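> What follows is target.txt, compact mmCIF, C-alpha atoms.
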# COMPACT_ATOMS: atom_id res chain seq x y z
CA MET W 1 -15.93 35.56 -18.50
CA THR W 2 -16.22 32.72 -16.01
CA ALA W 3 -18.32 33.43 -12.94
CA THR W 4 -16.85 32.77 -9.46
CA VAL W 5 -19.34 31.23 -7.03
CA SER W 6 -19.35 29.54 -3.63
CA ALA W 7 -18.91 25.76 -3.45
CA ALA W 8 -22.53 25.41 -2.28
CA GLU W 9 -23.86 27.27 -5.29
CA ALA W 10 -21.53 25.39 -7.64
CA ARG W 11 -22.87 22.13 -6.19
CA THR W 12 -26.47 23.10 -6.90
CA ARG W 13 -25.66 24.18 -10.45
CA VAL W 14 -23.59 21.11 -11.30
CA LEU W 15 -26.21 18.69 -9.93
CA ARG W 16 -28.96 20.47 -11.88
CA GLY W 17 -26.86 20.32 -15.05
CA GLU W 18 -27.00 24.10 -15.39
CA VAL W 19 -23.29 24.74 -16.01
CA THR W 20 -22.27 25.74 -19.50
CA GLY W 21 -19.20 27.70 -20.49
CA GLY W 22 -17.21 27.23 -17.31
CA LEU W 23 -17.58 27.73 -13.58
CA HIS W 24 -15.05 28.90 -11.02
CA PHE W 25 -15.80 27.89 -7.40
CA ARG W 26 -14.24 28.77 -4.06
CA GLY W 27 -13.67 26.30 -1.21
CA LYS W 28 -14.59 22.62 -1.26
CA LEU W 29 -17.10 21.41 -3.80
CA ASP W 30 -18.25 18.09 -2.34
CA LEU W 31 -20.17 15.94 -4.81
CA SER W 32 -19.13 12.63 -3.24
CA GLY W 33 -21.72 9.87 -3.16
CA GLU W 34 -23.89 11.45 -5.87
CA LYS W 35 -24.45 8.22 -7.78
CA THR W 36 -26.49 9.87 -10.53
CA LEU W 37 -23.63 12.21 -11.42
CA THR W 38 -21.93 10.61 -14.42
CA SER W 39 -19.97 13.51 -15.91
CA LEU W 40 -18.64 16.95 -15.01
CA PRO W 41 -19.21 20.14 -17.01
CA GLU W 42 -16.43 21.62 -19.15
CA GLY W 43 -14.48 24.49 -17.69
CA LEU W 44 -14.88 23.59 -14.00
CA CYS W 45 -12.16 25.19 -11.91
CA GLY W 46 -11.67 25.87 -8.20
CA ASP W 47 -10.01 24.92 -4.93
CA VAL W 48 -11.04 21.41 -3.78
CA LEU W 49 -13.29 19.02 -5.69
CA ASP W 50 -14.49 15.71 -4.23
CA ILE W 51 -16.25 13.39 -6.70
CA SER W 52 -15.58 10.12 -4.84
CA ASP W 53 -18.15 7.32 -5.15
CA THR W 54 -20.04 9.00 -7.97
CA GLY W 55 -20.79 7.55 -11.41
CA VAL W 56 -18.31 9.87 -13.14
CA HIS W 57 -16.66 7.71 -15.78
CA THR W 58 -14.53 10.29 -17.63
CA LEU W 59 -13.05 13.59 -16.51
CA PRO W 60 -13.19 16.67 -18.78
CA GLU W 61 -9.85 17.80 -20.27
CA THR W 62 -10.56 21.30 -19.00
CA LEU W 63 -10.78 20.47 -15.27
CA GLN W 64 -8.46 22.62 -13.12
CA VAL W 65 -8.43 22.37 -9.33
CA GLY W 66 -6.08 22.71 -6.39
CA GLU W 67 -7.08 19.33 -4.99
CA LEU W 68 -9.05 16.52 -6.60
CA VAL W 69 -10.43 13.66 -4.54
CA ALA W 70 -11.74 11.00 -6.91
CA ARG W 71 -11.94 7.71 -4.97
CA ASN W 72 -13.69 4.62 -6.30
CA LEU W 73 -14.55 5.93 -9.75
CA PRO W 74 -15.01 3.70 -12.83
CA ILE W 75 -12.53 5.84 -14.82
CA THR W 76 -9.96 4.11 -17.04
CA HIS W 77 -7.66 7.07 -17.68
CA LEU W 78 -6.83 10.58 -16.58
CA PRO W 79 -7.03 13.06 -19.49
CA ALA W 80 -3.81 14.95 -20.29
CA GLY W 81 -5.46 18.35 -19.89
CA VAL W 82 -6.60 17.85 -16.26
CA ARG W 83 -4.60 20.11 -13.91
CA VAL W 84 -4.36 19.35 -10.20
CA GLN W 85 -1.96 21.50 -8.24
CA PHE W 86 -1.53 20.05 -4.76
CA ARG W 87 -3.12 16.69 -4.19
CA LEU W 88 -4.63 14.10 -6.51
CA THR W 89 -6.34 11.11 -4.92
CA LEU W 90 -7.43 8.27 -7.21
CA ASP W 91 -7.63 5.52 -4.57
CA GLY W 92 -9.88 2.59 -5.39
CA CYS W 93 -10.11 3.45 -9.11
CA THR W 94 -9.73 -0.23 -9.91
CA ARG W 95 -10.08 0.19 -13.70
CA LEU W 96 -7.56 3.02 -14.03
CA SER W 97 -4.83 1.95 -16.43
CA GLU W 98 -3.44 5.15 -17.96
CA LEU W 99 -2.06 8.39 -16.60
CA PRO W 100 -0.86 11.29 -18.77
CA THR W 101 2.80 11.86 -19.66
CA GLY W 102 4.44 14.52 -17.52
CA LEU W 103 1.88 14.30 -14.71
CA MET W 104 2.99 16.80 -12.08
CA VAL W 105 1.29 17.22 -8.70
CA GLY W 106 2.42 17.60 -5.09
CA SER W 107 0.83 14.43 -3.75
CA LEU W 108 -0.45 11.51 -5.81
CA SER W 109 -2.35 8.62 -4.26
CA LEU W 110 -3.22 5.58 -6.34
CA GLN W 111 -3.97 3.02 -3.62
CA ASP W 112 -5.85 -0.04 -4.93
CA ALA W 113 -5.51 1.01 -8.58
CA LEU W 114 -5.52 -2.70 -9.38
CA SER W 115 -5.32 -2.34 -13.18
CA LEU W 116 -2.43 0.11 -13.31
CA GLU W 117 0.58 -1.59 -14.93
CA ALA W 118 2.88 1.40 -15.44
CA LEU W 119 3.36 4.99 -14.36
CA PRO W 120 3.68 7.78 -16.94
CA GLU W 121 6.94 9.15 -18.34
CA GLY W 122 8.05 12.32 -16.64
CA LEU W 123 5.97 11.79 -13.49
CA ASP W 124 6.91 14.51 -10.99
CA VAL W 125 5.58 14.34 -7.42
CA CYS W 126 6.66 14.78 -3.78
CA PHE W 127 4.45 12.11 -2.22
CA LEU W 128 3.46 8.94 -4.03
CA ASN W 129 1.21 6.23 -2.62
CA LEU W 130 0.99 3.08 -4.74
CA SER W 131 -0.21 0.66 -2.03
CA ARG W 132 -1.78 -2.53 -3.36
CA CYS W 133 -1.30 -1.66 -7.04
CA ASP W 134 -1.18 -5.40 -7.76
CA ALA W 135 -0.41 -5.14 -11.47
CA LEU W 136 2.22 -2.38 -11.33
CA ARG W 137 5.45 -3.57 -12.94
CA GLY W 138 7.03 -0.68 -14.79
CA TRP W 139 8.62 2.58 -13.83
CA PRO W 140 9.08 5.41 -16.31
CA GLN W 141 12.57 6.02 -17.74
CA GLN W 142 12.44 9.50 -16.26
CA GLY W 143 10.56 10.64 -13.21
CA ARG W 144 10.88 12.32 -9.83
CA VAL W 145 9.67 11.68 -6.31
CA ARG W 146 11.14 14.69 -4.57
CA TYR W 147 12.16 14.33 -0.92
CA GLY W 148 8.74 13.12 0.18
CA HIS W 149 7.26 9.67 0.85
CA LEU W 150 6.99 6.68 -1.41
CA SER W 151 4.76 3.74 -0.53
CA VAL W 152 4.73 0.68 -2.75
CA ARG W 153 3.20 -1.46 -0.01
CA ASP W 154 1.92 -4.82 -1.30
CA CYS W 155 2.78 -4.11 -4.93
CA LEU W 156 3.04 -7.80 -5.68
CA SER W 157 4.30 -7.49 -9.26
CA LEU W 158 7.11 -5.00 -8.61
CA ARG W 159 10.67 -6.26 -8.98
CA GLU W 160 12.65 -3.04 -8.49
CA LEU W 161 12.57 0.64 -7.69
CA PRO W 162 13.65 3.12 -10.36
CA ALA W 163 17.31 4.21 -10.60
CA TRP W 164 16.22 7.87 -10.77
CA LEU W 165 15.00 7.68 -7.19
CA THR W 166 17.75 9.47 -5.23
CA GLN W 167 16.45 10.99 -2.00
CA ILE W 168 13.23 10.50 -0.11
CA ALA W 169 12.13 10.83 3.51
CA GLN W 170 10.06 7.67 3.99
CA LEU W 171 9.98 4.48 1.97
CA ASP W 172 7.50 1.64 2.48
CA VAL W 173 8.34 -1.51 0.50
CA SER W 174 6.42 -3.83 2.84
CA GLY W 175 4.87 -6.82 1.12
CA CYS W 176 7.01 -6.39 -2.01
CA ARG W 177 8.54 -9.87 -2.16
CA GLY W 178 10.03 -9.05 -5.55
CA ILE W 179 12.10 -6.13 -4.28
CA THR W 180 15.42 -7.57 -3.14
CA ALA W 181 17.58 -4.44 -3.37
CA LEU W 182 17.25 -0.67 -3.30
CA PRO W 183 18.73 1.55 -6.03
CA ALA W 184 22.43 2.19 -5.33
CA GLY W 185 22.08 5.96 -5.27
CA LEU W 186 19.00 6.11 -3.06
CA ARG W 187 19.17 7.86 0.32
CA VAL W 188 16.31 7.45 2.78
CA ASN W 189 16.37 10.15 5.49
CA GLY W 190 13.49 9.04 7.70
CA TRP W 191 12.47 5.39 7.87
CA LEU W 192 12.24 2.27 5.73
CA ASP W 193 9.42 -0.25 6.18
CA VAL W 194 10.69 -3.69 5.13
CA ALA W 195 7.96 -6.07 6.38
CA GLY W 196 7.56 -9.02 4.04
CA SER W 197 9.76 -7.47 1.36
CA GLY W 198 12.61 -9.24 -0.42
CA LEU W 199 15.23 -7.13 1.40
CA THR W 200 17.52 -9.20 3.60
CA ALA W 201 19.80 -6.52 5.01
CA LEU W 202 20.05 -2.78 5.52
CA PRO W 203 21.38 -0.94 2.47
CA ALA W 204 25.17 -0.69 2.82
CA GLY W 205 26.40 2.29 4.80
CA GLN W 206 22.95 3.58 5.68
CA PRO W 207 21.79 3.40 9.32
CA ILE W 208 18.14 3.94 8.35
CA PRO W 209 15.56 3.39 11.12
CA LEU W 210 13.51 0.32 10.20
CA ARG W 211 9.82 -0.41 10.52
CA TRP W 212 7.84 -3.60 10.21
CA ARG W 213 4.32 -2.68 9.05
CA GLY W 214 4.59 0.57 10.94
CA VAL W 215 6.23 -0.84 14.10
CA ARG W 216 9.76 0.36 14.84
CA VAL W 217 12.12 -2.61 14.92
CA ASP W 218 15.86 -3.16 14.92
CA ALA W 219 17.80 -4.87 12.14
CA ARG W 220 18.00 -8.14 14.10
CA VAL W 221 14.20 -8.46 14.31
CA ALA W 222 13.90 -7.54 10.65
CA PHE W 223 16.72 -9.55 9.14
CA GLN W 224 17.94 -12.17 11.67
CA PRO W 225 14.74 -13.60 13.13
CA ASP W 226 16.45 -16.96 13.69
CA THR W 227 18.39 -15.40 16.56
CA LEU W 228 15.22 -14.43 18.48
CA THR W 229 14.12 -16.60 21.39
CA GLY W 230 10.76 -17.23 23.00
CA ALA W 231 12.08 -15.95 26.35
CA GLU W 232 13.17 -12.73 24.71
CA VAL W 233 9.73 -12.29 23.17
CA LEU W 234 8.00 -12.75 26.53
CA ALA W 235 10.40 -10.24 28.10
CA GLU W 236 9.73 -7.55 25.47
CA PRO W 237 7.64 -4.87 27.23
CA ASN W 238 6.27 -3.16 24.11
CA THR W 239 3.24 -5.14 22.91
CA GLU W 240 3.60 -4.05 19.29
CA VAL W 241 7.27 -4.97 19.12
CA ARG W 242 6.45 -8.28 20.86
CA ARG W 243 3.82 -9.03 18.22
CA VAL W 244 6.32 -8.43 15.43
CA MET W 245 8.98 -10.54 17.21
CA MET W 246 6.53 -13.46 17.53
CA GLU W 247 5.63 -13.16 13.86
CA ARG W 248 9.31 -12.94 12.87
CA MET W 249 10.51 -15.95 14.84
CA GLY W 250 7.50 -17.88 13.55
CA TYR W 251 4.48 -18.82 15.64
CA GLU W 252 5.38 -22.50 15.49
CA ARG W 253 8.85 -22.03 17.01
CA PHE W 254 7.46 -19.50 19.48
CA LEU W 255 4.90 -22.03 20.73
CA THR W 256 7.51 -24.78 20.98
CA GLU W 257 9.85 -22.59 23.03
CA VAL W 258 7.34 -21.09 25.45
CA GLY W 259 4.98 -24.03 25.92
CA ALA W 260 1.29 -23.62 25.19
CA GLU W 261 -1.96 -24.85 26.68
CA VAL W 262 -4.12 -26.86 24.24
CA LEU W 263 -7.70 -25.52 24.32
CA ASP W 264 -9.26 -27.78 21.67
CA ARG W 265 -8.33 -30.50 19.23
CA ASP W 266 -10.13 -31.93 16.17
CA ARG W 267 -9.50 -32.95 12.54
CA ASP W 268 -9.99 -31.20 9.20
CA ALA W 269 -9.01 -31.92 5.58
CA GLY W 270 -5.32 -31.48 6.45
CA GLY W 271 -5.32 -33.76 9.50
CA GLU W 272 -5.14 -32.86 13.18
CA ARG W 273 -6.02 -29.29 14.14
CA THR W 274 -5.29 -27.77 17.55
CA LEU W 275 -6.24 -24.53 19.24
CA VAL W 276 -3.58 -23.32 21.66
CA ARG W 277 -3.12 -20.46 24.13
CA VAL W 278 -0.14 -18.64 25.63
CA PRO W 279 -0.68 -15.97 28.30
CA LEU W 280 1.34 -12.82 27.62
CA PRO W 281 2.46 -10.34 30.27
CA ASP W 282 0.35 -7.15 30.23
CA ASP W 283 -1.43 -8.13 27.03
CA GLU W 284 -4.29 -10.26 25.78
CA PRO W 285 -3.37 -13.95 25.46
CA PHE W 286 -1.93 -15.35 22.25
CA VAL W 287 -4.50 -17.81 20.85
CA ALA W 288 -3.71 -19.63 17.63
CA VAL W 289 -4.82 -22.60 15.58
CA SER W 290 -2.28 -25.08 14.29
CA VAL W 291 -3.33 -26.72 11.03
CA ALA W 292 -1.76 -28.72 8.22
CA CYS W 293 -2.28 -27.77 4.57
CA PRO W 294 -4.16 -30.63 2.85
CA SER W 295 -2.03 -30.20 -0.31
CA THR W 296 1.46 -29.77 1.08
CA ALA W 297 1.03 -31.24 4.61
CA ARG W 298 3.00 -28.20 5.78
CA GLN W 299 2.11 -27.04 9.28
CA TYR W 300 0.76 -23.52 9.81
CA VAL W 301 0.10 -21.66 13.05
CA LEU W 302 -2.34 -18.79 12.60
CA ARG W 303 -3.33 -16.30 15.28
CA VAL W 304 -7.03 -15.79 16.01
CA PRO W 305 -9.00 -13.56 18.41
CA PRO W 306 -8.51 -14.59 22.06
CA THR W 307 -12.26 -15.14 22.51
CA ILE W 308 -12.25 -18.20 20.23
CA ARG W 309 -12.76 -21.52 22.01
CA THR W 310 -12.78 -24.25 19.33
CA ALA W 311 -10.44 -25.21 16.50
CA HIS W 312 -13.33 -25.17 14.00
CA ALA W 313 -14.40 -21.69 15.10
CA ALA W 314 -10.79 -20.58 14.61
CA SER W 315 -10.67 -21.89 11.03
CA ALA W 316 -14.06 -20.31 10.34
CA TRP W 317 -12.85 -16.96 11.68
CA LEU W 318 -9.72 -17.11 9.49
CA ALA W 319 -11.93 -17.77 6.46
CA GLY W 320 -13.93 -14.63 7.25
CA PHE W 321 -16.90 -16.18 9.07
CA ASP W 322 -17.82 -14.82 12.48
CA ASP W 323 -20.51 -17.52 12.77
CA PRO W 324 -18.68 -20.89 12.76
CA SER W 325 -21.82 -22.76 11.54
CA GLN W 326 -21.55 -20.86 8.24
CA TYR W 327 -18.15 -22.35 7.52
CA GLN W 328 -18.51 -25.72 5.80
CA PRO W 329 -16.02 -25.86 2.91
CA ALA W 330 -16.94 -28.39 0.21
CA ILE W 331 -13.39 -28.73 -1.10
CA GLU W 332 -10.12 -27.71 0.53
CA ALA W 333 -6.83 -27.83 -1.36
CA MET E 1 -20.80 -23.94 -2.11
CA LEU E 2 -17.52 -22.88 -0.51
CA TYR E 3 -14.05 -23.78 -1.75
CA ARG E 4 -10.77 -23.14 0.01
CA HIS E 5 -7.61 -22.96 -2.10
CA GLY E 6 -4.84 -22.26 0.39
CA ASP E 7 -5.54 -18.79 1.74
CA VAL E 8 -8.00 -17.97 -1.04
CA LEU E 9 -11.72 -18.61 -0.48
CA VAL E 10 -14.19 -18.94 -3.32
CA GLN E 11 -17.94 -19.09 -2.76
CA ARG E 12 -20.75 -19.57 -5.27
CA VAL E 13 -23.16 -16.62 -5.42
CA GLU E 14 -26.63 -16.56 -6.92
CA THR E 15 -26.18 -13.24 -8.67
CA LEU E 16 -23.27 -10.99 -9.49
CA PRO E 17 -23.64 -7.58 -7.78
CA PRO E 18 -23.08 -4.41 -9.84
CA ALA E 19 -19.42 -4.91 -10.79
CA LEU E 20 -17.02 -3.91 -13.52
CA PRO E 21 -15.03 -6.38 -15.61
CA ARG E 22 -11.34 -6.64 -14.83
CA ALA E 23 -8.48 -8.00 -16.92
CA GLY E 24 -6.59 -11.19 -16.18
CA ALA E 25 -7.17 -14.57 -14.62
CA THR E 26 -4.99 -14.22 -11.53
CA LEU E 27 -6.51 -13.80 -8.11
CA ALA E 28 -3.50 -11.60 -7.37
CA ARG E 29 -4.19 -11.10 -3.70
CA GLY E 30 -3.22 -14.71 -3.19
CA GLU E 31 0.27 -13.92 -4.38
CA VAL E 32 1.80 -13.28 -0.97
CA THR E 33 4.35 -16.05 -1.39
CA GLY E 34 5.32 -15.05 -4.91
CA HIS E 35 3.23 -17.94 -6.20
CA SER E 36 -0.20 -17.21 -7.53
CA HIS E 37 -3.69 -18.59 -7.41
CA ARG E 38 -4.84 -18.37 -11.02
CA PHE E 39 -7.03 -20.01 -13.60
CA GLN E 40 -5.30 -22.46 -15.94
CA ASP E 41 -7.16 -21.21 -19.01
CA PRO E 42 -7.64 -17.42 -18.91
CA SER E 43 -10.42 -17.62 -21.50
CA SER E 44 -12.50 -19.79 -19.17
CA VAL E 45 -13.14 -16.95 -16.72
CA GLN E 46 -13.97 -13.27 -16.46
CA LEU E 47 -12.93 -11.41 -13.34
CA PHE E 48 -15.05 -8.59 -11.92
CA GLN E 49 -14.39 -5.90 -9.38
CA ALA E 50 -17.09 -4.35 -7.21
CA GLY E 51 -15.13 -1.77 -5.29
CA LEU E 52 -12.46 -3.84 -3.58
CA ALA E 53 -14.50 -7.06 -3.74
CA THR E 54 -13.45 -9.53 -6.42
CA TYR E 55 -15.82 -11.83 -8.30
CA VAL E 56 -15.24 -14.40 -10.99
CA ARG E 57 -17.62 -15.71 -13.62
CA VAL E 58 -16.78 -19.15 -14.96
CA LEU E 59 -17.64 -18.92 -18.66
CA SER E 60 -17.02 -22.53 -19.66
CA ASP E 61 -18.43 -25.73 -18.18
CA ALA E 62 -15.52 -25.85 -15.77
CA ALA E 63 -12.48 -23.75 -14.90
CA GLU E 64 -9.39 -25.02 -13.13
CA LEU E 65 -8.00 -22.94 -10.28
CA ILE E 66 -4.29 -23.72 -10.00
CA HIS E 67 -1.33 -22.88 -7.76
CA GLU E 68 2.27 -24.12 -7.54
CA GLU E 69 1.71 -25.69 -4.13
CA HIS E 70 -1.97 -26.54 -3.98
CA ALA E 71 -4.04 -29.21 -5.64
CA THR E 72 -6.20 -27.93 -8.50
CA ILE E 73 -9.81 -27.05 -7.74
CA THR E 74 -12.31 -27.30 -10.59
CA LEU E 75 -15.11 -24.73 -10.48
CA PRO E 76 -18.32 -25.39 -12.42
CA ARG E 77 -19.92 -22.68 -14.58
CA GLY E 78 -21.36 -19.90 -12.40
CA ASP E 79 -20.56 -16.77 -10.45
CA TYR E 80 -18.32 -16.69 -7.39
CA ARG E 81 -17.09 -14.25 -4.78
CA VAL E 82 -13.38 -14.46 -4.03
CA TRP E 83 -11.64 -13.31 -0.89
CA MET E 84 -8.51 -13.88 1.16
CA GLN E 85 -8.20 -15.55 4.53
CA ARG E 86 -7.76 -13.02 7.33
CA GLU E 87 -5.27 -13.09 10.17
CA TYR E 88 -5.60 -11.73 13.64
CA SER E 89 -3.34 -9.26 15.31
CA PRO E 90 -4.45 -7.00 18.15
CA GLN E 91 -2.76 -4.03 16.46
CA ALA E 92 -4.43 -4.54 13.07
CA ILE E 93 -7.85 -4.94 14.65
CA ARG E 94 -7.34 -1.72 16.59
CA ARG E 95 -6.46 0.01 13.32
CA VAL E 96 -9.66 -1.26 11.71
CA ILE E 97 -11.76 0.02 14.63
CA ASP E 98 -10.10 3.45 14.34
Transcribe the structure of this file into structure tokens.

Amino acid sequence: MTATVSAAEARTRVLRGEVTGGLHFRGKLDLSGEKTLTSLPEGLCGDVLDISDTGVHTLPETLQVGELVARNLPITHLPAGVRVQFRLTLDGCTRLSELPTGLMVGSLSLQDALSLEALPEGLDVCFLNLSRCDALRGWPQQGRVRYGHLSVRDCLSLRELPAWLTQIAQLDVSGCRGITALPAGLRVNGWLDVAGSGLTALPAGQPIPLRWRGVRVDARVAFQPDTLTGAEVLAEPNTEVRRVMMERMGYERFLTEVGAEVLDRDRDAGGERTLVRVPLPDDEPFVAVSVACPSTARQYVLRVPPTIRTAHAASAWLAGFDDPSQYQPAIEA
Amino acid sequence: MLYRHGDVLVQRVETLPPALPRAGATLARGEVTGHSHRFQDPSSVQLFQAGLATYVRVLSDAAELIHEEHATITLPRGDYRVWMQREYSPQAIRRVID
């Protein structure tokens, strides 16, 4: 007979290593941040379990919970016996490479699971977050994402979505350069985020509302940026839409069309470098550095915080240095 | 010692922080253009992950960091932190502050 205890009592017992023969807890058992916790007892079962940022390296086959939050764990696989009913969060488990066949859960989040190359056969979920799963290439032959949301944001290795995907509410393929088409039978009811994806037009016959990294845009901004003008950008009252329009038309063309004040000029490994500024109506000014790549000689215009005053400080900021004196690259290529 | 390979930055570190080994020789986050920043000889390096921070240990005397569009950078034996160039947008910064 397994005892049923409060989450607080379960926490004390688990941390003391006193659990043998199973433990049923009520409520949320929060063990997050307990670095010395490296394993869980057999037979743990309850409502919500949070073991994020602990040293837990394998999960027991017998674990059964309503919700499991397991962020940033060094686990490499999820055992087949683990049962999670509603929500399973494995974000930041960068070594995770294997999930069990037939995994079924309401919501599955695998953000930043950098080692995950494939999803399991028979996966069955409503919400699936695969953002920044860099290595993910394969989809199972059979699987379901039922009517919910699918995010494959910045999945750099993905080349397609599975043919079994038929109807979902929200689809985020932003950053997926390799995705150039959606499955023929797929219907998206809510919105489609296409920023930086390989899609070049709306799916035929589907007037899906579009987003660009979360900002609502029309198909012209998304797919025909060549038709945008600098004057149009300056006249756009919504600052978020204006930002996307500038990015879409290209900062270089934007600067050429609207005219910019040069704040600073110097030289780096690529040649001349200029810091420029364009005032924007009802918004902070657009400040950007124009540089040439030392390898390709191609010109890039990169936006920086409006407080920056020198071209070197701009390059330093882009490289991640808030203190420009720290930025002295030995080799640039 | 700081190296810049396109939008990837690589800096020598004295010691590797607690980190777990990771497969591959591609600094995948540099792959935004479909091209990749990667090491010519995968056996010359070991990648490590400390949370979301990436590190690389050069196991041989030198390892060549290559890319389709950038000149090769040769890294001497040692440990390095690897990160991507950032870009500014008022919206993104607001999101970070939230």
> By how many Å are atom CA of Trp83 of chain E and atom CA of His67 of chain E apart?
15.7 Å
> Give the residues of chain E that lie within 9 Å of chain W; count all atoms listed in the file, and format the answer as a PDB file with C-alpha atoms, in the coordinates of the input.

ATOM      1  CA  MET E   1     -20.800 -23.940  -2.110  1.00  0.00           C
ATOM      2  CA  LEU E   2     -17.520 -22.880  -0.510  1.00  0.00           C
ATOM      3  CA  TYR E   3     -14.050 -23.780  -1.750  1.00  0.00           C
ATOM      4  CA  ARG E   4     -10.770 -23.140   0.010  1.00  0.00           C
ATOM      5  CA  HIS E   5      -7.610 -22.960  -2.100  1.00  0.00           C
ATOM      6  CA  GLY E   6      -4.840 -22.260   0.390  1.00  0.00           C
ATOM      7  CA  ASP E   7      -5.540 -18.790   1.740  1.00  0.00           C
ATOM      8  CA  VAL E   8      -8.000 -17.970  -1.040  1.00  0.00           C
ATOM      9  CA  LEU E   9     -11.720 -18.610  -0.480  1.00  0.00           C
ATOM     10  CA  LEU E  20     -17.020  -3.910 -13.520  1.00  0.00           C
ATOM     11  CA  PRO E  21     -15.030  -6.380 -15.610  1.00  0.00           C
ATOM     12  CA  ARG E  22     -11.340  -6.640 -14.830  1.00  0.00           C
ATOM     13  CA  ALA E  23      -8.480  -8.000 -16.920  1.00  0.00           C
ATOM     14  CA  ALA E  28      -3.500 -11.600  -7.370  1.00  0.00           C
ATOM     15  CA  ARG E  29      -4.190 -11.100  -3.700  1.00  0.00           C
ATOM     16  CA  GLU E  31       0.270 -13.920  -4.380  1.00  0.00           C
ATOM     17  CA  VAL E  32       1.800 -13.280  -0.970  1.00  0.00           C
ATOM     18  CA  THR E  33       4.350 -16.050  -1.390  1.00  0.00           C
ATOM     19  CA  GLY E  34       5.320 -15.050  -4.910  1.00  0.00           C
ATOM     20  CA  GLN E  49     -14.390  -5.900  -9.380  1.00  0.00           C
ATOM     21  CA  ALA E  50     -17.090  -4.350  -7.210  1.00  0.00           C
ATOM     22  CA  GLY E  51     -15.130  -1.770  -5.290  1.00  0.00           C
ATOM     23  CA  LEU E  52     -12.460  -3.840  -3.580  1.00  0.00           C
ATOM     24  CA  GLU E  69       1.710 -25.690  -4.130  1.00  0.00           C
ATOM     25  CA  HIS E  70      -1.970 -26.540  -3.980  1.00  0.00           C
ATOM     26  CA  ALA E  71      -4.040 -29.210  -5.640  1.00  0.00           C
ATOM     27  CA  THR E  72      -6.200 -27.930  -8.500  1.00  0.00           C
ATOM     28  CA  ILE E  73      -9.810 -27.050  -7.740  1.00  0.00           C
ATOM     29  CA  TRP E  83     -11.640 -13.310  -0.890  1.00  0.00           C
ATOM     30  CA  MET E  84      -8.510 -13.880   1.160  1.00  0.00           C
ATOM     31  CA  GLN E  85      -8.200 -15.550   4.530  1.00  0.00           C
ATOM     32  CA  ARG E  86      -7.760 -13.020   7.330  1.00  0.00           C
ATOM     33  CA  GLU E  87      -5.270 -13.090  10.170  1.00  0.00           C
ATOM     34  CA  TYR E  88      -5.600 -11.730  13.640  1.00  0.00           C
ATOM     35  CA  SER E  89      -3.340  -9.260  15.310  1.00  0.00           C
ATOM     36  CA  PRO E  90      -4.450  -7.000  18.150  1.00  0.00           C
ATOM     37  CA  GLN E  91      -2.760  -4.030  16.460  1.00  0.00           C
TER      38      GLN E  91
END
> Which polymer residues have any atom within 10 Å of an atom of Gly22 of chain W, counting all atoms listed in the file, with same-chain residues fewer than 5 positions away left out, as a PDB file with C-alpha atoms, in the coordinates of the input?

ATOM      1  CA  MET W   1     -15.930  35.560 -18.500  1.00  0.00           C
ATOM      2  CA  THR W   2     -16.220  32.720 -16.010  1.00  0.00           C
ATOM      3  CA  ALA W   3     -18.320  33.430 -12.940  1.00  0.00           C
ATOM      4  CA  THR W   4     -16.850  32.770  -9.460  1.00  0.00           C
ATOM      5  CA  PRO W  41     -19.210  20.140 -17.010  1.00  0.00           C
ATOM      6  CA  GLU W  42     -16.430  21.620 -19.150  1.00  0.00           C
ATOM      7  CA  GLY W  43     -14.480  24.490 -17.690  1.00  0.00           C
ATOM      8  CA  LEU W  44     -14.880  23.590 -14.000  1.00  0.00           C
ATOM      9  CA  CYS W  45     -12.160  25.190 -11.910  1.00  0.00           C
ATOM     10  CA  THR W  62     -10.560  21.300 -19.000  1.00  0.00           C
ATOM     11  CA  LEU W  63     -10.780  20.470 -15.270  1.00  0.00           C
TER      12      LEU W  63
END
> Tell me which of W:Gly27, W:Pro279, W:Pro237, W:Pro100 sits closest to Glu9 of chain W, counting only C-alpha atoms.
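Nearest candidate to Glu9 of chain W out of W:Gly27, W:Pro279, W:Pro237, W:Pro100: W:Gly27.
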> At a cut-off of 10 Å, using only C-alpha atoms, what residues contact Gln167 of chain W? Leave out same-chain residues fewer than 6 positions from it and give the result as a list in words.
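Non-adjacent residues within range: Arg144, Val145, Arg146, Tyr147, Gly148, His149, Gly185, Leu186, Arg187, Val188 and Asn189 of chain W.
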> Considering all atoms listed in the file, return as an NGL selection string whatever protein or nucleic-acid residues lie within 6 Å of Ser151 of chain W, sequence-local ones (same chain, fewer than 6 positions apart) excluded.
:W and (129-130 or 171-172)
> Mind pulling up the distance from atom CA of Arg71 of chain W to atom CA of Asp50 of chain W?
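Interatomic distance, atom CA of Asp50 of chain W to atom CA of Arg71 of chain W: 8.4 Å.
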> In Å, rounded to a single decimal, give me how far atom CA of Leu136 of chain W is from atom CA of Ile179 of chain W.
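It comes out at 12.7 Å.
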> Pick out the residues sitting within 8 Å of His77 of chain W, and hand them over as number ranges by chain; count all atoms listed in the file, and ignore anything fewer than 5 positions along from it in its own chain.
W: 58, 96-99
> Write out the residues from the selection above, keeping C-alpha atoms, as a compact mmCIF listing (two decimals), in the coordinates of the input.

# COMPACT_ATOMS: atom_id res chain seq x y z
CA THR W 58 -14.53 10.29 -17.63
CA LEU W 96 -7.56 3.02 -14.03
CA SER W 97 -4.83 1.95 -16.43
CA GLU W 98 -3.44 5.15 -17.96
CA LEU W 99 -2.06 8.39 -16.60
> Taking into account only C-alpha atoms, which residue in the set E:Val10, E:Leu27, E:His35, E:Ala53 is nearest to Thr74 of chain E?
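Selected residue with least distance to Thr74 of chain E: E:Val10.
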